[in-house]
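One file, query.pdb, carrying PDB, C-alpha atoms and all ligand atoms:
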```pdb
ATOM      1  CA  MET X   1     100.489  86.669 104.582
ATOM      2  CA  ILE X   2     104.131  87.526 104.108
ATOM      3  CA  SER X   3     105.869  85.581 101.375
ATOM      4  CA  ALA X   4     108.813  85.834  99.033
ATOM      5  CA  GLY X   5     108.333  85.786  95.303
ATOM      6  CA  ASN X   6     108.812  87.378  91.943
ATOM      7  CA  PRO X   7     106.497  89.655  89.948
ATOM      8  CA  GLN X   8     105.172  86.754  87.898
ATOM      9  CA  GLU X   9     103.622  85.154  90.962
ATOM     10  CA  ASP X  10      99.940  85.596  91.612
ATOM     11  CA  HIS X  11      99.401  86.733  95.181
ATOM     12  CA  GLY X  12      95.617  86.693  94.930
ATOM     13  CA  SER X  13      93.070  89.224  93.742
ATOM     14  CA  ASN X  14      93.816  91.720  96.526
ATOM     15  CA  SER X  15      97.555  91.827  95.919
ATOM     16  CA  TYR X  16      99.194  94.585  93.913
ATOM     17  CA  ASN X  17     102.660  95.464  92.637
ATOM     18  CA  VAL X  18     103.642  99.019  93.494
ATOM     19  CA  VAL X  19     106.869 100.292  91.926
ATOM     20  CA  MET X  20     108.850 103.153  93.441
ATOM     21  CA  VAL X  21     110.525 105.512  90.978
ATOM     22  CA  GLY X  22     112.210 108.896  91.170
ATOM     23  CA  ASP X  23     115.705 110.352  91.151
ATOM     24  CA  SER X  24     118.486 108.979  93.285
ATOM     25  CA  SER X  25     118.549 110.225  96.926
ATOM     26  CA  VAL X  26     114.941 111.406  97.044
ATOM     27  CA  GLY X  27     114.313 108.834  99.792
ATOM     28  CA  LYS X  28     112.734 105.789  98.119
ATOM     29  CA  THR X  29     114.697 103.229 100.120
ATOM     30  CA  SER X  30     114.138 105.165 103.354
ATOM     31  CA  TYR X  31     110.415 105.276 102.589
ATOM     32  CA  MET X  32     110.314 101.529 102.114
ATOM     33  CA  ARG X  33     112.299 100.958 105.295
ATOM     34  CA  ARG X  34     109.960 103.248 107.201
ATOM     35  CA  ALA X  35     106.926 101.361 105.932
ATOM     36  CA  GLN X  36     108.632  98.092 106.865
ATOM     37  CA  SER X  37     109.246  99.151 110.421
ATOM     38  CA  GLY X  38     105.461  99.297 110.747
ATOM     39  CA  LYS X  39     103.228  96.372 110.030
ATOM     40  CA  PHE X  40     105.145  93.921 107.892
ATOM     41  CA  SER X  41     108.643  92.975 106.953
ATOM     42  CA  LEU X  42     110.592  91.154 104.376
ATOM     43  CA  ASP X  43     113.518  92.209 102.240
ATOM     44  CA  LEU X  44     113.819  90.226  99.070
ATOM     45  CA  PRO X  45     117.011  90.534  97.062
ATOM     46  CA  ALA X  46     115.116  89.686  93.865
ATOM     47  CA  SER X  47     116.580  88.270  90.695
ATOM     48  CA  LEU X  48     115.584  91.395  88.761
ATOM     49  CA  GLY X  49     118.038  93.482  90.753
ATOM     50  CA  LEU X  50     115.163  95.086  92.595
ATOM     51  CA  ASP X  51     114.400  95.073  96.303
ATOM     52  CA  SER X  52     110.893  94.320  97.365
ATOM     53  CA  CYS X  53     108.778  93.920 100.431
ATOM     54  CA  MET X  54     105.170  93.227 101.299
ATOM     55  CA  TRP X  55     102.855  95.555 103.135
ATOM     56  CA  THR X  56      99.425  94.446 104.270
ATOM     57  CA  VAL X  57      96.502  96.598 105.327
ATOM     58  CA  LEU X  58      92.820  95.987 106.015
ATOM     59  CA  VAL X  59      90.500  98.067 103.834
ATOM     60  CA  ASP X  60      86.893  97.754 105.004
ATOM     61  CA  GLY X  61      87.816  94.455 106.617
ATOM     62  CA  LYS X  62      89.475  93.052 103.464
ATOM     63  CA  PRO X  63      93.221  92.400 103.536
ATOM     64  CA  VAL X  64      95.050  94.214 100.763
ATOM     65  CA  VAL X  65      98.681  93.343 100.058
ATOM     66  CA  LEU X  66     100.942  95.898  98.443
ATOM     67  CA  LYS X  67     104.193  94.538  97.151
ATOM     68  CA  LEU X  68     106.586  97.480  97.046
ATOM     69  CA  TRP X  69     109.428  97.369  94.529
ATOM     70  CA  ASP X  70     112.488  99.561  94.938
ATOM     71  CA  THR X  71     114.971 100.118  92.127
ATOM     72  CA  ALA X  72     117.934  99.312  94.385
ATOM     73  CA  GLY X  73     120.087 102.200  93.172
ATOM     74  CA  GLN X  74     119.719 101.486  89.434
ATOM     75  CA  GLU X  75     117.892 104.809  88.979
ATOM     76  CA  ARG X  76     121.243 106.543  89.438
ATOM     77  CA  PHE X  77     122.113 105.465  85.901
ATOM     78  CA  ARG X  78     118.574 105.863  84.637
ATOM     79  CA  SER X  79     118.820 102.289  83.446
ATOM     80  CA  ILE X  80     116.363 100.617  85.740
ATOM     81  CA  THR X  81     114.983  97.179  85.065
ATOM     82  CA  ARG X  82     111.592  97.772  83.529
ATOM     83  CA  GLN X  83     110.440  94.145  83.569
ATOM     84  CA  ILE X  84     108.435  94.963  86.654
ATOM     85  CA  PHE X  85     106.776  98.015  85.044
ATOM     86  CA  HIS X  86     104.226  96.105  83.020
ATOM     87  CA  LYS X  87     103.342  93.988  86.075
ATOM     88  CA  ALA X  88     102.681  97.108  88.144
ATOM     89  CA  GLN X  89      99.216  98.237  89.127
ATOM     90  CA  ALA X  90     100.564 101.352  90.834
ATOM     91  CA  PHE X  91     103.587 103.620  91.087
ATOM     92  CA  ILE X  92     104.985 105.894  93.737
ATOM     93  CA  LEU X  93     106.768 108.665  91.851
ATOM     94  CA  MET X  94     108.905 110.397  94.426
ATOM     95  CA  TYR X  95     110.755 113.693  94.481
ATOM     96  CA  ASP X  96     112.580 115.504  97.255
ATOM     97  CA  ILE X  97     111.029 118.805  98.383
ATOM     98  CA  THR X  98     114.560 120.151  99.020
ATOM     99  CA  SER X  99     115.627 119.489  95.414
ATOM    100  CA  THR X 100     114.155 121.328  92.419
ATOM    101  CA  GLN X 101     116.210 119.015  90.220
ATOM    102  CA  SER X 102     114.374 115.956  91.526
ATOM    103  CA  PHE X 103     111.074 117.802  90.992
ATOM    104  CA  SER X 104     112.020 118.605  87.384
ATOM    105  CA  ALA X 105     112.784 114.918  86.884
ATOM    106  CA  VAL X 106     109.138 114.007  87.588
ATOM    107  CA  SER X 107     108.301 114.438  83.887
ATOM    108  CA  TYR X 108     111.105 112.039  82.943
ATOM    109  CA  TRP X 109     109.824 109.357  85.334
ATOM    110  CA  ALA X 110     106.236 109.941  84.249
ATOM    111  CA  SER X 111     107.253 109.298  80.635
ATOM    112  CA  CYS X 112     109.081 106.103  81.680
ATOM    113  CA  ILE X 113     105.887 104.899  83.335
ATOM    114  CA  LYS X 114     103.834 105.796  80.276
ATOM    115  CA  GLU X 115     106.196 103.925  77.959
ATOM    116  CA  GLY X 116     106.689 100.817  80.035
ATOM    117  CA  ALA X 117     103.513 100.241  81.980
ATOM    118  CA  ALA X 118      99.884  99.338  81.357
ATOM    119  CA  ASP X 119      97.073 101.899  81.273
ATOM    120  CA  ASN X 120      94.658 102.518  84.152
ATOM    121  CA  LEU X 121      97.360 102.796  86.758
ATOM    122  CA  THR X 122      97.230 104.446  90.134
ATOM    123  CA  ILE X 123     100.119 106.879  90.362
ATOM    124  CA  PHE X 124     101.022 108.725  93.524
ATOM    125  CA  LEU X 125     103.255 111.765  93.271
ATOM    126  CA  VAL X 126     105.033 111.944  96.625
ATOM    127  CA  GLY X 127     107.126 114.882  97.821
ATOM    128  CA  ASN X 128     109.438 113.397 100.447
ATOM    129  CA  LYS X 129     111.500 115.077 103.226
ATOM    130  CA  SER X 130     108.641 117.303 104.423
ATOM    131  CA  ASP X 131     110.455 117.464 107.789
ATOM    132  CA  HIS X 132     113.373 119.308 106.171
ATOM    133  CA  ALA X 133     113.798 123.058 106.792
ATOM    134  CA  ASP X 134     115.474 123.677 103.434
ATOM    135  CA  ARG X 135     112.371 123.448 101.257
ATOM    136  CA  GLN X 136     112.853 124.298  97.573
ATOM    137  CA  VAL X 137     109.581 122.991  96.126
ATOM    138  CA  LYS X 138     106.310 124.457  97.421
ATOM    139  CA  THR X 139     103.449 122.125  98.327
ATOM    140  CA  GLN X 140     101.287 124.021  95.817
ATOM    141  CA  GLU X 141     103.735 123.216  92.999
ATOM    142  CA  GLY X 142     103.470 119.523  93.765
ATOM    143  CA  GLU X 143      99.683 119.700  93.895
ATOM    144  CA  THR X 144      99.501 121.543  90.576
ATOM    145  CA  LEU X 145     101.797 119.090  88.820
ATOM    146  CA  ALA X 146      99.846 116.122  90.178
ATOM    147  CA  LYS X 147      96.602 117.647  88.883
ATOM    148  CA  GLU X 148      98.175 118.156  85.452
ATOM    149  CA  TYR X 149      99.121 114.484  85.240
ATOM    150  CA  ASN X 150      96.020 113.252  87.027
ATOM    151  CA  PHE X 151      98.140 111.707  89.783
ATOM    152  CA  GLU X 152      97.337 111.446  93.479
ATOM    153  CA  PHE X 153      99.509 113.686  95.648
ATOM    154  CA  LYS X 154     100.947 113.778  99.152
ATOM    155  CA  GLU X 155     103.987 115.147 100.900
ATOM    156  CA  CYS X 156     105.619 112.861 103.421
ATOM    157  CA  SER X 157     108.682 112.289 105.531
ATOM    158  CA  ALA X 158     110.417 108.938 105.603
ATOM    159  CA  ALA X 159     112.478 110.397 108.456
ATOM    160  CA  THR X 160     109.590 111.133 110.835
ATOM    161  CA  GLY X 161     107.084 108.737 109.277
ATOM    162  CA  GLU X 162     104.613 111.524 108.511
ATOM    163  CA  ASN X 163     102.123 110.399 105.836
ATOM    164  CA  VAL X 164     104.108 107.269 104.888
ATOM    165  CA  ILE X 165     101.430 104.842 106.021
ATOM    166  CA  GLU X 166      98.604 107.221 105.015
ATOM    167  CA  CYS X 167      99.901 107.189 101.427
ATOM    168  CA  LEU X 168      99.939 103.406 101.284
ATOM    169  CA  GLU X 169      96.504 103.143 102.868
ATOM    170  CA  THR X 170      95.059 105.589 100.350
ATOM    171  CA  MET X 171      96.724 103.656  97.559
ATOM    172  CA  ALA X 172      95.337 100.320  98.815
ATOM    173  CA  ARG X 173      91.858 101.837  99.002
ATOM    174  CA  ILE X 174      92.061 103.255  95.454
ATOM    175  CA  LEU X 175      93.400  99.954  94.077
ATOM    176  CA  ILE X 176      90.683  97.870  95.646
ATOM    177  CA  GLN X 177      87.994 100.283  94.427
ATOM    178  CA  THR X 178      89.410 100.279  90.892
ATOM    179  CA  VAL X 179      89.337  96.485  90.810
ATOM    180  CA  ASP X 180      85.790  96.410  92.224
ATOM    181  CA  MET X 181      84.728  98.803  89.466
ATOM    182  CA  ARG X 182      86.407  96.639  86.806
ATOM    183  CA  GLU X 183      84.651  93.542  88.155
ATOM    184  CA  GLU X 184      81.305  95.340  88.079
ATOM    185  CA  GLY X 185      82.079  96.346  84.496
ATOM    186  CA  MET X 186      82.778  92.731  83.595
ATOM    187  CA  VAL X 187      79.467  91.567  85.103
ATOM    188  CA  LEU X 188      77.634  94.290  83.207
ATOM    189  CA  HIS X 189      79.424  93.286  80.019
ATOM    190  CA  LYS X 190      78.418  89.631  80.513
ATOM    191  CA  GLU X 191      74.782  90.642  81.035
ATOM    192  CA  ILE X 192      74.744  92.816  77.948
ATOM    193  CA  SER X 193      76.485  90.367  75.575
ATOM    194  CA  PRO X 194      73.614  87.874  75.010
ATOM    195  CA  GLN X 195      71.173  90.711  74.272
ATOM    196  CA  LYS X 196      73.526  91.983  71.593
ATOM    197  CA  LYS X 197      73.491  88.561  69.932
ATOM    198  CA  SER X 198      69.716  88.225  70.019
ATOM    199  CA  SER X 199      69.288  91.594  68.310
ATOM    200  CA  GLY X 200      70.820  90.026  65.220
ATOM    201  CA  CYS X 201      73.292  92.828  64.817
ATOM    202  CA  CYS X 202      76.567  91.788  63.052
TER
HETATM  203  P1  LIG E   1     116.983 106.797  97.401
HETATM  204  O1  LIG E   1     118.255 106.930  96.630
HETATM  205  O2  LIG E   1     115.836 107.438  96.694
HETATM  206  O3  LIG E   1     116.689 105.373  97.781
HETATM  207  O4  LIG E   1     117.160 107.620  98.768
HETATM  208  P2  LIG E   1     117.601 107.125 100.220
HETATM  209  O5  LIG E   1     116.462 106.470 100.907
HETATM  210  O6  LIG E   1     118.858 106.359 100.101
HETATM  211  O7  LIG E   1     117.854 108.509 100.959
HETATM  212  C1  LIG E   1     118.813 109.450 100.519
HETATM  213  C2  LIG E   1     119.212 110.355 101.665
HETATM  214  O8  LIG E   1     118.102 111.159 102.065
HETATM  215  C3  LIG E   1     119.670 109.602 102.910
HETATM  216  O9  LIG E   1     120.735 110.308 103.491
HETATM  217  C4  LIG E   1     118.456 109.636 103.826
HETATM  218  O10 LIG E   1     118.805 109.583 105.172
HETATM  219  C5  LIG E   1     117.845 110.987 103.469
HETATM  220  N1  LIG E   1     116.382 110.983 103.651
HETATM  221  C6  LIG E   1     115.498 110.090 103.149
HETATM  222  N2  LIG E   1     114.247 110.412 103.499
HETATM  223  C7  LIG E   1     114.324 111.526 104.252
HETATM  224  C8  LIG E   1     113.343 112.355 104.902
HETATM  225  O11 LIG E   1     112.137 112.131 104.894
HETATM  226  N3  LIG E   1     113.833 113.461 105.557
HETATM  227  C9  LIG E   1     115.135 113.766 105.604
HETATM  228  N4  LIG E   1     115.477 114.861 106.271
HETATM  229  N5  LIG E   1     116.080 113.006 105.020
HETATM  230  C10 LIG E   1     115.688 111.902 104.342
HETATM  231 MG    MG E   2     117.660 103.609  97.164
END
```

Show me this structure written as structure tokens.
Ligand code: GDP
Ligand code: MG
Amino acid sequence: MISAGNPQEDHGSNSYNVVMVGDSSVGKTSYMRRAQSGKFSLDLPASLGLDSCMWTVLVDGKPVVLKLWDTAGQERFRSITRQIFHKAQAFILMYDITSTQSFSAVSYWASCIKEGAADNLTIFLVGNKSDHADRQVKTQEGETLAKEYNFEFKECSAATGENVIECLETMARILIQTVDMREEGMVLHKEISPQKKSSGCC
């Protein structure tokens, strides 16, 4: 199940690229490491200058593979490689609950996603460092912003592991449901098409 590769590779219908974005130091790399220490593991120093790893979970008995992509420090210069963006089915947009600056930057990262990625994406707004005593961003503020953008939302802690796996499981479940819905749509479309022709329209 675990394999190296690049974003062009097809890992099967239940495999998804998930790109992590957000300001420097919010905890993206720590989050990925924390997820890795769980069920899967592989660090890939990829040619795009991005780090990636695979994470596999069973959703209703079906294996779902999330390939997590980390910007490997490029976000510091806000010049991250966007080649992966249009291959992404989902994003984790992370801020740090102890940094209002990182929370303000959410709109910047959301616009990057909008510019560079496809439509119909699953986007998770994640407030990291929930273990930290020095909170500057209220949970309610995160929730409200996520609602505004129509993003999913969770607070987590890469340090303690709180909600790290839960986030990925929720994401896997949403992704698999979205694809199921698309497939149903395609079947419906196929069934409708011949009728359209026989009506003589166009
Ligand atoms: P990145 O630049 O977004 O990849 O952030 P890093 O993963 O390198 O983390 C930046 C700093 O925040 C490091 O010192 C981490 O130890 C710390 N950090 C990351 N996640 C957490 C967390 O959940 N809680 C706390 N307290 N510190 C964290
Ligand atoms: Mg990093």

Nearest to ligand LIG 1 (chain E), chosen from X:Ala88, X:Met20, X:Ala105, X:Ala118, with all atoms listed in the file counted in the distances: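 Closest candidate: X:Met20.
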
Ranking X:Leu58, X:Cys112, X:Val164, X:Ala90 by minimum distance to ligand LIG 1 (chain E) and counting all atoms listed in the file, which one comes first?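 Checking each candidate against ligand LIG 1 (chain E), we get X:Val164 as the closest.
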
Of the listed residues X:Thr98, X:Thr71, X:Ser104, X:Thr178, that which approaches Thr139 (chain X) most closely, counting only C-alpha atoms: X:Thr98

Go ahead and compute the interatomic distance for CA of Ile92 (chain X) and CA of Ala133 (chain X), in Å to one decimal.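 That distance, rounded to one decimal, is 23.3 Å.
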
Can you pull out every residue within 10 Å of Pro63 (chain X), counting all atoms listed in the file, but drop anything in the same chain fewer than 4 positions away, and send it as a PyMOL selection string? chain X and resi 1+14-15+56-59+172+176

Compare X:Phe85, X:Trp55, X:Phe151, X:Phe124 by their minimum atom-to-atom distance to Met171 (chain X), counting only C-alpha atoms, and give me the closest one.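 For Met171 (chain X), the nearest of the given residues is X:Phe124.
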
Got a sec to check which residues lie within 10 Å of ligand LIG 1 (chain E), using only C-alpha atoms and all ligand atoms, and send them as an MDAnalysis selection string? chainID X and resid 20:34 70:76 94:98 127:134 155:162 164

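Taking CA of Val65 (chain X) and CA of Leu121 (chain X) as the two end points, the separation is 16.4 Å.
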
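Pairwise distance (CA of Lys138 (chain X), CA of Ser99 (chain X)) equals 10.7 Å.
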
Suppose a student applies the PyMOL selection byres (((chain X and resi 123) around 12) and not hetatm) to this structure; what residues should they get, written as number ranges by chain? X: 17-21, 88-94, 106, 109-110, 113-114, 117-122, 124-126, 146-147, 149-154, 167-168, 170-172, 174-175

Using only C-alpha atoms for the distances, tell me which of X:Glu166, X:Glu115, X:Glu141, X:Asp51 is nearest to His86 (chain X).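 Among the listed residues, the smallest separation from His86 (chain X) belongs to X:Glu115.
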
Could the centre and edge lengths of an axis-aligned box, enclosing all atoms of region 13-32 of chain X in the file with 6 Å extra on each side, be given in Å to one decimal as AutoDock Vina command-line options?
```
--center_x 105.8 --center_y 100.3 --center_z 97.2 --size_x 37.5 --size_y 34.2 --size_z 24.4
```

Please determine, counting only C-alpha atoms and all ligand atoms, which residue among X:Arg135, X:Ala35, X:Thr144, X:Trp69 has the shortest atom-to-atom distance to ligand MG 2 (chain E). X:Trp69
